[in-house]
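Here's my_file25.cif, which has mmCIF, C-alpha atoms:
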data_target
loop_
_atom_site.group_PDB
_atom_site.id
_atom_site.type_symbol
_atom_site.label_atom_id
_atom_site.label_comp_id
_atom_site.auth_asym_id
_atom_site.auth_seq_id
_atom_site.Cartn_x
_atom_site.Cartn_y
_atom_site.Cartn_z
ATOM 1 C CA MET A 42 109.325 85.210 87.378
ATOM 2 C CA LEU A 43 108.059 86.578 90.688
ATOM 3 C CA LYS A 44 105.030 88.864 90.368
ATOM 4 C CA TYR A 45 103.281 90.981 92.984
ATOM 5 C CA LYS A 46 100.092 92.872 93.729
ATOM 6 C CA ILE A 47 99.605 95.295 96.616
ATOM 7 C CA VAL A 48 96.275 95.044 98.457
ATOM 8 C CA PRO A 49 95.810 97.880 100.994
ATOM 9 C CA VAL A 50 94.124 96.617 104.170
ATOM 10 C CA THR A 51 92.933 97.951 107.541
ATOM 11 C CA PRO A 52 92.166 101.589 108.422
ATOM 12 C CA PHE A 53 95.963 102.086 108.475
ATOM 13 C CA GLU A 54 96.127 101.384 104.707
ATOM 14 C CA GLN A 55 98.785 98.732 105.215
ATOM 15 C CA ASN A 56 100.317 97.320 102.041
ATOM 16 C CA CYS A 57 99.461 93.635 102.196
ATOM 17 C CA SER A 58 101.194 91.960 99.246
ATOM 18 C CA ILE A 59 100.332 88.934 97.161
ATOM 19 C CA LEU A 60 103.500 87.463 95.685
ATOM 20 C CA TRP A 61 103.238 84.721 93.106
ATOM 21 C CA CYS A 62 105.311 82.576 90.790
ATOM 22 C CA ASP A 63 104.200 83.237 87.228
ATOM 23 C CA GLN A 64 105.080 79.685 86.186
ATOM 24 C CA SER A 65 103.277 77.691 88.879
ATOM 25 C CA ARG A 66 100.653 80.312 89.906
ATOM 26 C CA LYS A 67 101.450 79.466 93.542
ATOM 27 C CA ALA A 68 101.312 82.485 95.842
ATOM 28 C CA ALA A 69 102.174 83.829 99.274
ATOM 29 C CA VAL A 70 100.343 86.545 101.174
ATOM 30 C CA VAL A 71 102.690 88.903 102.994
ATOM 31 C CA ASP A 72 101.326 90.720 106.051
ATOM 32 C CA PRO A 73 97.564 90.038 105.996
ATOM 33 C CA GLY A 74 96.629 92.656 108.574
ATOM 34 C CA GLY A 75 92.893 92.360 107.997
ATOM 35 C CA ASN A 76 90.181 92.574 105.334
ATOM 36 C CA ILE A 77 90.622 88.874 104.524
ATOM 37 C CA GLU A 78 87.817 88.811 101.964
ATOM 38 C CA ARG A 79 89.518 91.619 100.036
ATOM 39 C CA ILE A 80 92.764 89.625 99.949
ATOM 40 C CA LEU A 81 91.001 86.439 98.822
ATOM 41 C CA LYS A 82 89.081 88.333 96.127
ATOM 42 C CA ALA A 83 92.328 89.774 94.762
ATOM 43 C CA ALA A 84 93.940 86.310 94.720
ATOM 44 C CA ASP A 85 90.914 84.887 92.931
ATOM 45 C CA GLU A 86 91.029 87.649 90.305
ATOM 46 C CA LEU A 87 94.732 86.944 89.766
ATOM 47 C CA GLY A 88 94.045 83.228 89.388
ATOM 48 C CA VAL A 89 96.656 82.247 91.972
ATOM 49 C CA ASP A 90 96.709 79.568 94.670
ATOM 50 C CA ILE A 91 97.830 80.814 98.093
ATOM 51 C CA GLU A 92 100.204 78.274 99.652
ATOM 52 C CA ARG A 93 101.603 80.196 102.646
ATOM 53 C CA ILE A 94 101.498 83.372 104.715
ATOM 54 C CA LEU A 95 104.689 85.378 105.270
ATOM 55 C CA LEU A 96 105.046 87.965 108.042
ATOM 56 C CA THR A 97 107.527 90.829 108.360
ATOM 57 C CA HIS A 98 106.573 91.645 111.973
ATOM 58 C CA GLY A 99 103.850 91.344 114.567
ATOM 59 C CA HIS A 100 102.054 94.680 114.607
ATOM 60 C CA ILE A 101 98.273 94.447 114.321
ATOM 61 C CA ASP A 102 97.978 96.154 110.929
ATOM 62 C CA HIS A 103 100.413 93.600 109.465
ATOM 63 C CA ALA A 104 99.475 90.431 111.355
ATOM 64 C CA GLY A 105 95.888 90.915 112.558
ATOM 65 C CA GLY A 106 94.240 88.716 109.927
ATOM 66 C CA THR A 107 96.872 85.992 109.969
ATOM 67 C CA ALA A 108 95.287 83.396 112.256
ATOM 68 C CA ALA A 109 91.890 83.583 110.548
ATOM 69 C CA LEU A 110 93.354 83.473 107.033
ATOM 70 C CA ALA A 111 95.663 80.551 107.848
ATOM 71 C CA ARG A 112 92.765 78.592 109.331
ATOM 72 C CA GLN A 113 90.449 79.350 106.398
ATOM 73 C CA LEU A 114 93.012 78.290 103.779
ATOM 74 C CA GLY A 115 94.821 75.589 105.758
ATOM 75 C CA VAL A 116 98.232 77.109 104.978
ATOM 76 C CA PRO A 117 101.363 77.565 107.119
ATOM 77 C CA ILE A 118 102.555 80.836 108.645
ATOM 78 C CA GLU A 119 106.244 81.659 108.175
ATOM 79 C CA GLY A 120 107.944 84.514 110.001
ATOM 80 C CA PRO A 121 108.784 86.796 111.536
ATOM 81 C CA GLU A 122 111.946 86.259 113.597
ATOM 82 C CA ARG A 123 111.453 84.691 117.043
ATOM 83 C CA GLU A 124 112.095 87.953 118.925
ATOM 84 C CA GLU A 125 108.714 89.110 117.600
ATOM 85 C CA SER A 126 106.764 86.597 119.677
ATOM 86 C CA PHE A 127 105.767 89.143 122.342
ATOM 87 C CA TRP A 128 104.036 91.307 119.725
ATOM 88 C CA ILE A 129 102.163 88.325 118.277
ATOM 89 C CA ASP A 130 101.131 87.166 121.759
ATOM 90 C CA ALA A 131 99.786 90.688 122.376
ATOM 91 C CA LEU A 132 97.619 90.847 119.222
ATOM 92 C CA PRO A 133 94.329 90.694 121.210
ATOM 93 C CA GLN A 134 95.492 93.655 123.340
ATOM 94 C CA GLN A 135 96.704 95.501 120.233
ATOM 95 C CA SER A 136 93.274 95.121 118.641
ATOM 96 C CA LYS A 137 91.657 96.861 121.621
ATOM 97 C CA MET A 138 94.334 99.551 121.786
ATOM 98 C CA PHE A 139 93.992 100.547 118.123
ATOM 99 C CA GLY A 140 90.249 99.970 117.748
ATOM 100 C CA PHE A 141 90.529 96.937 115.481
ATOM 101 C CA PRO A 142 88.082 94.017 115.455
ATOM 102 C CA GLN A 143 89.113 91.389 118.008
ATOM 103 C CA VAL A 144 91.839 89.129 116.608
ATOM 104 C CA GLU A 145 93.665 86.012 117.766
ATOM 105 C CA SER A 146 97.290 85.443 118.640
ATOM 106 C CA PHE A 147 99.028 82.465 117.055
ATOM 107 C CA THR A 148 102.349 80.658 116.835
ATOM 108 C CA PRO A 149 104.004 80.689 113.395
ATOM 109 C CA ASP A 150 104.651 77.290 111.860
ATOM 110 C CA ARG A 151 108.171 78.484 111.153
ATOM 111 C CA TRP A 152 110.118 81.253 112.822
ATOM 112 C CA LEU A 153 112.569 82.817 110.377
ATOM 113 C CA ALA A 154 116.191 83.887 110.818
ATOM 114 C CA GLU A 155 118.836 85.764 108.863
ATOM 115 C CA GLY A 156 119.863 83.769 105.804
ATOM 116 C CA ASP A 157 116.764 81.582 105.626
ATOM 117 C CA GLN A 158 114.935 81.085 102.336
ATOM 118 C CA VAL A 159 111.171 81.082 101.765
ATOM 119 C CA ARG A 160 109.484 79.596 98.715
ATOM 120 C CA VAL A 161 106.781 81.092 96.519
ATOM 121 C CA GLY A 162 106.039 78.414 93.956
ATOM 122 C CA ASN A 163 109.280 77.906 92.043
ATOM 123 C CA GLU A 164 110.740 81.199 93.298
ATOM 124 C CA SER A 165 112.907 81.703 96.368
ATOM 125 C CA LEU A 166 113.266 84.784 98.574
ATOM 126 C CA SER A 167 116.013 85.498 101.077
ATOM 127 C CA VAL A 168 115.171 86.420 104.661
ATOM 128 C CA ILE A 169 116.992 89.424 106.097
ATOM 129 C CA HIS A 170 116.650 90.191 109.814
ATOM 130 C CA CYS A 171 116.253 93.983 110.111
ATOM 131 C CA PRO A 172 115.606 94.935 113.753
ATOM 132 C CA GLY A 173 114.861 98.471 114.865
ATOM 133 C CA HIS A 174 111.175 99.156 114.221
ATOM 134 C CA THR A 175 110.586 95.932 116.146
ATOM 135 C CA PRO A 176 113.195 93.420 117.354
ATOM 136 C CA GLY A 177 112.165 90.493 115.149
ATOM 137 C CA HIS A 178 111.344 92.341 111.925
ATOM 138 C CA VAL A 179 112.377 90.601 108.702
ATOM 139 C CA VAL A 180 112.606 91.669 105.049
ATOM 140 C CA PHE A 181 111.933 89.367 102.088
ATOM 141 C CA PHE A 182 114.238 89.808 99.087
ATOM 142 C CA SER A 183 114.105 88.334 95.593
ATOM 143 C CA ASN A 184 117.453 88.761 93.874
ATOM 144 C CA ASP A 185 116.038 87.576 90.537
ATOM 145 C CA ALA A 186 113.123 90.027 90.604
ATOM 146 C CA ARG A 187 115.200 92.810 92.242
ATOM 147 C CA LEU A 188 112.346 93.250 94.695
ATOM 148 C CA ALA A 189 112.221 93.586 98.479
ATOM 149 C CA VAL A 190 109.200 93.541 100.787
ATOM 150 C CA VAL A 191 110.398 95.651 103.703
ATOM 151 C CA GLY A 192 107.404 96.046 106.030
ATOM 152 C CA ASP A 193 107.852 99.071 108.276
ATOM 153 C CA VAL A 194 111.666 99.265 108.083
ATOM 154 C CA LEU A 195 111.813 101.785 105.235
ATOM 155 C CA PHE A 196 109.369 104.044 103.390
ATOM 156 C CA ALA A 197 109.555 106.409 100.442
ATOM 157 C CA GLY A 198 111.165 109.418 102.126
ATOM 158 C CA SER A 199 111.018 108.072 105.658
ATOM 159 C CA ILE A 200 111.822 105.183 108.016
ATOM 160 C CA GLY A 201 109.892 103.151 110.565
ATOM 161 C CA ARG A 202 108.878 104.421 113.982
ATOM 162 C CA THR A 203 111.035 103.340 116.895
ATOM 163 C CA ASP A 204 108.944 104.623 119.815
ATOM 164 C CA PHE A 205 107.157 101.299 120.362
ATOM 165 C CA PRO A 206 108.346 98.818 123.019
ATOM 166 C CA ARG A 207 111.794 97.457 122.100
ATOM 167 C CA GLY A 208 112.144 99.836 119.175
ATOM 168 C CA ASP A 209 115.714 100.983 118.530
ATOM 169 C CA HIS A 210 116.489 103.896 116.214
ATOM 170 C CA THR A 211 120.214 103.154 115.998
ATOM 171 C CA ALA A 212 119.532 99.521 115.129
ATOM 172 C CA LEU A 213 116.994 100.540 112.467
ATOM 173 C CA VAL A 214 119.396 102.907 110.714
ATOM 174 C CA SER A 215 122.099 100.238 110.873
ATOM 175 C CA SER A 216 119.733 97.605 109.425
ATOM 176 C CA ILE A 217 118.921 99.816 106.460
ATOM 177 C CA ARG A 218 122.439 100.996 105.708
ATOM 178 C CA GLN A 219 124.279 97.739 106.338
ATOM 179 C CA LYS A 220 121.745 95.171 105.120
ATOM 180 C CA LEU A 221 119.496 96.831 102.534
ATOM 181 C CA TRP A 222 121.712 99.314 100.691
ATOM 182 C CA PRO A 223 124.272 96.646 99.684
ATOM 183 C CA LEU A 224 121.513 94.770 97.810
ATOM 184 C CA GLY A 225 121.715 97.399 95.063
ATOM 185 C CA ASN A 226 120.326 100.784 94.036
ATOM 186 C CA ASP A 227 118.131 99.130 91.396
ATOM 187 C CA VAL A 228 116.108 97.154 93.948
ATOM 188 C CA SER A 229 112.455 98.222 94.122
ATOM 189 C CA PHE A 230 110.752 97.829 97.476
ATOM 190 C CA ILE A 231 107.214 97.463 98.767
ATOM 191 C CA PRO A 232 106.918 99.328 102.079
ATOM 192 C CA GLY A 233 104.315 98.642 104.728
ATOM 193 C CA HIS A 234 102.542 101.904 103.897
ATOM 194 C CA GLY A 235 102.598 104.360 101.041
ATOM 195 C CA PRO A 236 104.125 104.210 97.562
ATOM 196 C CA MET A 237 106.911 101.966 96.342
ATOM 197 C CA SER A 238 110.412 103.326 95.789
ATOM 198 C CA THR A 239 113.925 102.051 95.076
ATOM 199 C CA PHE A 240 116.915 101.771 97.349
ATOM 200 C CA GLY A 241 118.771 104.078 94.977
ATOM 201 C CA ALA A 242 116.131 106.795 95.270
ATOM 202 C CA GLU A 243 116.191 106.538 99.059
ATOM 203 C CA ARG A 244 119.992 106.671 99.198
ATOM 204 C CA GLU A 245 119.765 109.818 97.088
ATOM 205 C CA GLY A 246 117.059 111.645 98.989
ATOM 206 C CA ASN A 247 115.845 109.984 102.190
ATOM 207 C CA PRO A 248 116.434 112.545 104.977
ATOM 208 C CA TYR A 249 116.940 109.847 107.631
ATOM 209 C CA VAL A 250 119.145 107.225 106.001
ATOM 210 C CA GLY A 251 120.200 108.675 102.637
ATOM 211 C CA ASP A 252 123.863 109.081 101.750
ATOM 212 C CA TYR A 253 123.600 112.797 102.530
ATOM 213 C CA ALA A 254 121.604 112.471 105.749
#
Let me see whether you can do it: turn the structure in this file into structure tokens.
Amino acid sequence: MLKYKIVPVTPFEQNCSILWCDQSRKAAVVDPGGNIERILKAADELGVDIERILLTHGHIDHAGGTAALARQLGVPIEGPEREESFWIDALPQQSKMFGFPQVESFTPDRWLAEGDQVRVGNESLSVIHCPGHTPGHVVFFSNDARLAVVGDVLFAGSIGRTDFPRGDHTALVSSIRQKLWPLGNDVSFIPGHGPMSTFGAEREGNPYVGDYA
């Protein structure tokens, strides 16, 4: 069974997630934006072995700690989709712009695409390309656990910003309605910020993408 723990990081309170396979105790860190020692402490307390880093997109609060964490642990970086490369290349500039400690850019070991699978121990998650907030944003979905890690695509009661370079509001709404809603109302999701929710709750009441919006 796939398990998870949310570890808020950076001044933006970004929901970094540790996902792990309960059988093997192998884990993945999703979106290590910073505060690496906090992430490692949480993994140690859980008794899990981090085997890879997964990224939803290249914004600093999600990807800022990636290069340092990958180097420290000697693990591969998987994701996001290749269209996100310009954001990852610009991480040093993003750190200055948002007042973060200086960080490094990097090249993922594996760019991800729609329909790919990523492994967490004995568990497998599907990769869903959900552009709009950024062009190469991906979502990780476990059908068995009925869990999605959605980054900044969708929030409880809101959706991602689209006023950044290459943001696209129409594409974001389409990504949510055409790719996430069909996964099922019972799917719980971990957003990039704020509390968890379910797709069903958001279809019922989200003022931007709900069924009555």
- Item | Counting all atoms listed in the file, the residue of A:Glu145, A:Glu245, A:Asp150, A:Glu54 that sits nearest Glu119 in chain A |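 Looking at the shortest contact to Glu119 in chain A, the residue is A:Asp150.
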Can you give me, as a PDB file with C-alpha atoms, keeping the file's coordinate frame, the residues this file yields under the PyMOL selection byres ((chain A and resi 121-131) around 9)?
ATOM      1  CA  LEU A  95     104.689  85.378 105.270  1.00  0.00           C
ATOM      2  CA  LEU A  96     105.046  87.965 108.042  1.00  0.00           C
ATOM      3  CA  THR A  97     107.527  90.829 108.360  1.00  0.00           C
ATOM      4  CA  HIS A  98     106.573  91.645 111.973  1.00  0.00           C
ATOM      5  CA  GLY A  99     103.850  91.344 114.567  1.00  0.00           C
ATOM      6  CA  HIS A 100     102.054  94.680 114.607  1.00  0.00           C
ATOM      7  CA  ILE A 101      98.273  94.447 114.321  1.00  0.00           C
ATOM      8  CA  ALA A 104      99.475  90.431 111.355  1.00  0.00           C
ATOM      9  CA  GLY A 105      95.888  90.915 112.558  1.00  0.00           C
ATOM     10  CA  GLU A 119     106.244  81.659 108.175  1.00  0.00           C
ATOM     11  CA  GLY A 120     107.944  84.514 110.001  1.00  0.00           C
ATOM     12  CA  LEU A 132      97.619  90.847 119.222  1.00  0.00           C
ATOM     13  CA  PRO A 133      94.329  90.694 121.210  1.00  0.00           C
ATOM     14  CA  GLN A 134      95.492  93.655 123.340  1.00  0.00           C
ATOM     15  CA  GLN A 135      96.704  95.501 120.233  1.00  0.00           C
ATOM     16  CA  SER A 136      93.274  95.121 118.641  1.00  0.00           C
ATOM     17  CA  GLU A 145      93.665  86.012 117.766  1.00  0.00           C
ATOM     18  CA  SER A 146      97.290  85.443 118.640  1.00  0.00           C
ATOM     19  CA  PHE A 147      99.028  82.465 117.055  1.00  0.00           C
ATOM     20  CA  THR A 148     102.349  80.658 116.835  1.00  0.00           C
ATOM     21  CA  PRO A 149     104.004  80.689 113.395  1.00  0.00           C
ATOM     22  CA  ARG A 151     108.171  78.484 111.153  1.00  0.00           C
ATOM     23  CA  TRP A 152     110.118  81.253 112.822  1.00  0.00           C
ATOM     24  CA  LEU A 153     112.569  82.817 110.377  1.00  0.00           C
ATOM     25  CA  ALA A 154     116.191  83.887 110.818  1.00  0.00           C
ATOM     26  CA  GLU A 155     118.836  85.764 108.863  1.00  0.00           C
ATOM     27  CA  HIS A 170     116.650  90.191 109.814  1.00  0.00           C
ATOM     28  CA  THR A 175     110.586  95.932 116.146  1.00  0.00           C
ATOM     29  CA  PRO A 176     113.195  93.420 117.354  1.00  0.00           C
ATOM     30  CA  GLY A 177     112.165  90.493 115.149  1.00  0.00           C
ATOM     31  CA  HIS A 178     111.344  92.341 111.925  1.00  0.00           C
ATOM     32  CA  VAL A 179     112.377  90.601 108.702  1.00  0.00           C
ATOM     33  CA  VAL A 180     112.606  91.669 105.049  1.00  0.00           C
TER      34      VAL A 180
END
- Result set, the PyMOL selection byres ((chain A and resi 224-240) around 9) on current file, as a PyMOL selection string: chain A and resi 47+49+53-58+72+103+182+184+186-198+220-223+241-245
- Item | Residue contacts of Trp61 in chain A (8 Å, all atoms listed in the file) excluding same-chain residues fewer than 3 positions away, as a list of chain:residue names | A:Leu43, A:Lys44, A:Tyr45, A:Arg66, A:Lys67, A:Ala68, A:Ala69, A:Val89, A:Val161, A:Gly162
- CA of Ile94 in chain A sits from CA of Ala109 in chain A at a separation of 11.2 Å
- Item | Option closest in space to Val71 in chain A, from A:Asp209, A:Asp185, A:Asp85, A:Asp102 [counting all atoms listed in the file] | A:Asp102
- Pick from A:Pro52, A:Asn76, A:Phe181, A:Ile200, whichever lies nearest to Arg160 in chain A using only C-alpha atoms: A:Phe181
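We find CA of Leu213 in chain A and CA of Gly251 in chain A to be spaced 13.2 Å apart.
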- A:Gly156, A:Gly115, A:Pro206, A:Gly201: which is nearest Val250 in chain A, counting all atoms listed in the file?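 The answer is A:Gly201, which sits nearest to Val250 in chain A.
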- Query: How far is it from CA of Ile77 in chain A to CA of Leu114 in chain A, in Å with one decimal?
  - Reply: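 Taking CA of Ile77 in chain A as the start and CA of Leu114 in chain A as the end point, the length is 10.9 Å.
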- Message: To test your reading of the syntax: which residues would the PyMOL selection byres ((chain A and resi 81) around 10) return for the file shown? Reply as an MDAnalysis selection string.
- Response: chainID A and resid 59 70 76:80 82:87 89:91 110 114
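Minimum distance to Glu92 in chain A across A:Gly246, A:Pro172, A:Gly208, A:Pro117 (counting only C-alpha atoms) occurs at A:Pro117.
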Save range 132-215 of chain A of the structure in the block above to a file, with C-alpha atoms included, as an mmCIF file, in the first residue's frame.
data_model
loop_
_atom_site.group_PDB
_atom_site.id
_atom_site.type_symbol
_atom_site.label_atom_id
_atom_site.label_comp_id
_atom_site.auth_asym_id
_atom_site.auth_seq_id
_atom_site.Cartn_x
_atom_site.Cartn_y
_atom_site.Cartn_z
ATOM 1 C CA LEU A 132 16.093 28.411 -10.800
ATOM 2 C CA PRO A 133 19.094 30.624 -9.854
ATOM 3 C CA GLN A 134 17.209 33.704 -11.126
ATOM 4 C CA GLN A 135 14.021 32.559 -9.378
ATOM 5 C CA SER A 136 15.893 32.305 -6.080
ATOM 6 C CA LYS A 137 16.944 35.959 -6.352
ATOM 7 C CA MET A 138 13.500 37.095 -7.484
ATOM 8 C CA PHE A 139 11.669 35.477 -4.558
ATOM 9 C CA GLY A 140 14.339 35.984 -1.895
ATOM 10 C CA PHE A 141 15.280 32.321 -1.558
ATOM 11 C CA PRO A 142 18.778 31.048 -0.748
ATOM 12 C CA GLN A 143 20.807 30.601 -3.938
ATOM 13 C CA VAL A 144 19.982 27.288 -5.623
ATOM 14 C CA GLU A 145 21.281 25.343 -8.609
ATOM 15 C CA SER A 146 19.630 24.412 -11.870
ATOM 16 C CA PHE A 147 19.846 20.787 -12.971
ATOM 17 C CA THR A 148 18.787 18.378 -15.695
ATOM 18 C CA PRO A 149 16.375 15.629 -14.601
ATOM 19 C CA ASP A 150 17.597 12.083 -15.108
ATOM 20 C CA ARG A 151 14.253 11.357 -16.722
ATOM 21 C CA TRP A 152 11.808 13.761 -18.300
ATOM 22 C CA LEU A 153 8.252 12.476 -17.928
ATOM 23 C CA ALA A 154 5.362 12.389 -20.398
ATOM 24 C CA GLU A 155 1.662 11.582 -20.382
ATOM 25 C CA GLY A 156 1.133 7.883 -19.729
ATOM 26 C CA ASP A 157 4.516 7.214 -18.139
ATOM 27 C CA GLN A 158 4.775 5.271 -14.887
ATOM 28 C CA VAL A 159 7.008 6.051 -11.904
ATOM 29 C CA ARG A 160 7.914 3.542 -9.214
ATOM 30 C CA VAL A 161 7.851 3.958 -5.446
ATOM 31 C CA GLY A 162 9.111 0.659 -4.098
ATOM 32 C CA ASN A 163 6.604 -1.944 -5.263
ATOM 33 C CA GLU A 164 3.974 0.697 -6.070
ATOM 34 C CA SER A 165 3.408 2.397 -9.412
ATOM 35 C CA LEU A 166 1.996 5.855 -10.138
ATOM 36 C CA SER A 167 0.696 7.148 -13.449
ATOM 37 C CA VAL A 168 2.010 10.398 -14.906
ATOM 38 C CA ILE A 169 -0.597 12.849 -16.171
ATOM 39 C CA HIS A 170 0.543 15.925 -18.109
ATOM 40 C CA CYS A 171 -1.572 18.851 -16.850
ATOM 41 C CA PRO A 172 -0.384 22.099 -18.469
ATOM 42 C CA GLY A 173 -1.794 25.492 -17.577
ATOM 43 C CA HIS A 174 -0.091 26.673 -14.387
ATOM 44 C CA THR A 175 3.143 25.901 -16.229
ATOM 45 C CA PRO A 176 3.556 24.165 -19.604
ATOM 46 C CA GLY A 177 5.303 21.019 -18.365
ATOM 47 C CA HIS A 178 3.392 20.423 -15.129
ATOM 48 C CA VAL A 179 2.630 16.789 -14.293
ATOM 49 C CA VAL A 180 0.383 15.052 -11.748
ATOM 50 C CA PHE A 181 1.199 11.728 -10.073
ATOM 51 C CA PHE A 182 -1.737 9.350 -9.587
ATOM 52 C CA SER A 183 -2.019 6.080 -7.684
ATOM 53 C CA ASN A 184 -5.135 4.215 -8.759
ATOM 54 C CA ASP A 185 -4.713 1.641 -5.978
ATOM 55 C CA ALA A 186 -4.398 4.267 -3.237
ATOM 56 C CA ARG A 187 -6.950 6.620 -4.880
ATOM 57 C CA LEU A 188 -4.443 9.413 -4.354
ATOM 58 C CA ALA A 189 -3.136 12.171 -6.620
ATOM 59 C CA VAL A 190 -0.258 14.585 -6.035
ATOM 60 C CA VAL A 191 -1.307 17.585 -8.106
ATOM 61 C CA GLY A 192 1.271 20.307 -7.415
ATOM 62 C CA ASP A 193 -0.147 23.728 -8.246
ATOM 63 C CA VAL A 194 -2.829 22.561 -10.709
ATOM 64 C CA LEU A 195 -5.667 22.377 -8.180
ATOM 65 C CA PHE A 196 -6.264 23.470 -4.584
ATOM 66 C CA ALA A 197 -9.064 23.102 -2.066
ATOM 67 C CA GLY A 198 -11.442 25.784 -3.344
ATOM 68 C CA SER A 199 -9.112 27.226 -5.952
ATOM 69 C CA ILE A 200 -6.839 26.541 -8.938
ATOM 70 C CA GLY A 201 -3.275 27.413 -9.883
ATOM 71 C CA ARG A 202 -2.142 30.844 -11.005
ATOM 72 C CA THR A 203 -1.723 31.352 -14.729
ATOM 73 C CA ASP A 204 -0.088 34.798 -14.774
ATOM 74 C CA PHE A 205 3.465 33.419 -14.921
ATOM 75 C CA PRO A 206 5.335 33.093 -18.241
ATOM 76 C CA ARG A 207 3.632 30.494 -20.461
ATOM 77 C CA GLY A 208 0.726 30.100 -18.066
ATOM 78 C CA ASP A 209 -2.596 29.367 -19.770
ATOM 79 C CA HIS A 210 -5.896 29.610 -17.901
ATOM 80 C CA THR A 211 -7.916 27.813 -20.577
ATOM 81 C CA ALA A 212 -5.421 24.951 -20.666
ATOM 82 C CA LEU A 213 -5.456 24.683 -16.859
ATOM 83 C CA VAL A 214 -9.242 24.420 -16.655
ATOM 84 C CA SER A 215 -9.189 21.858 -19.463
#
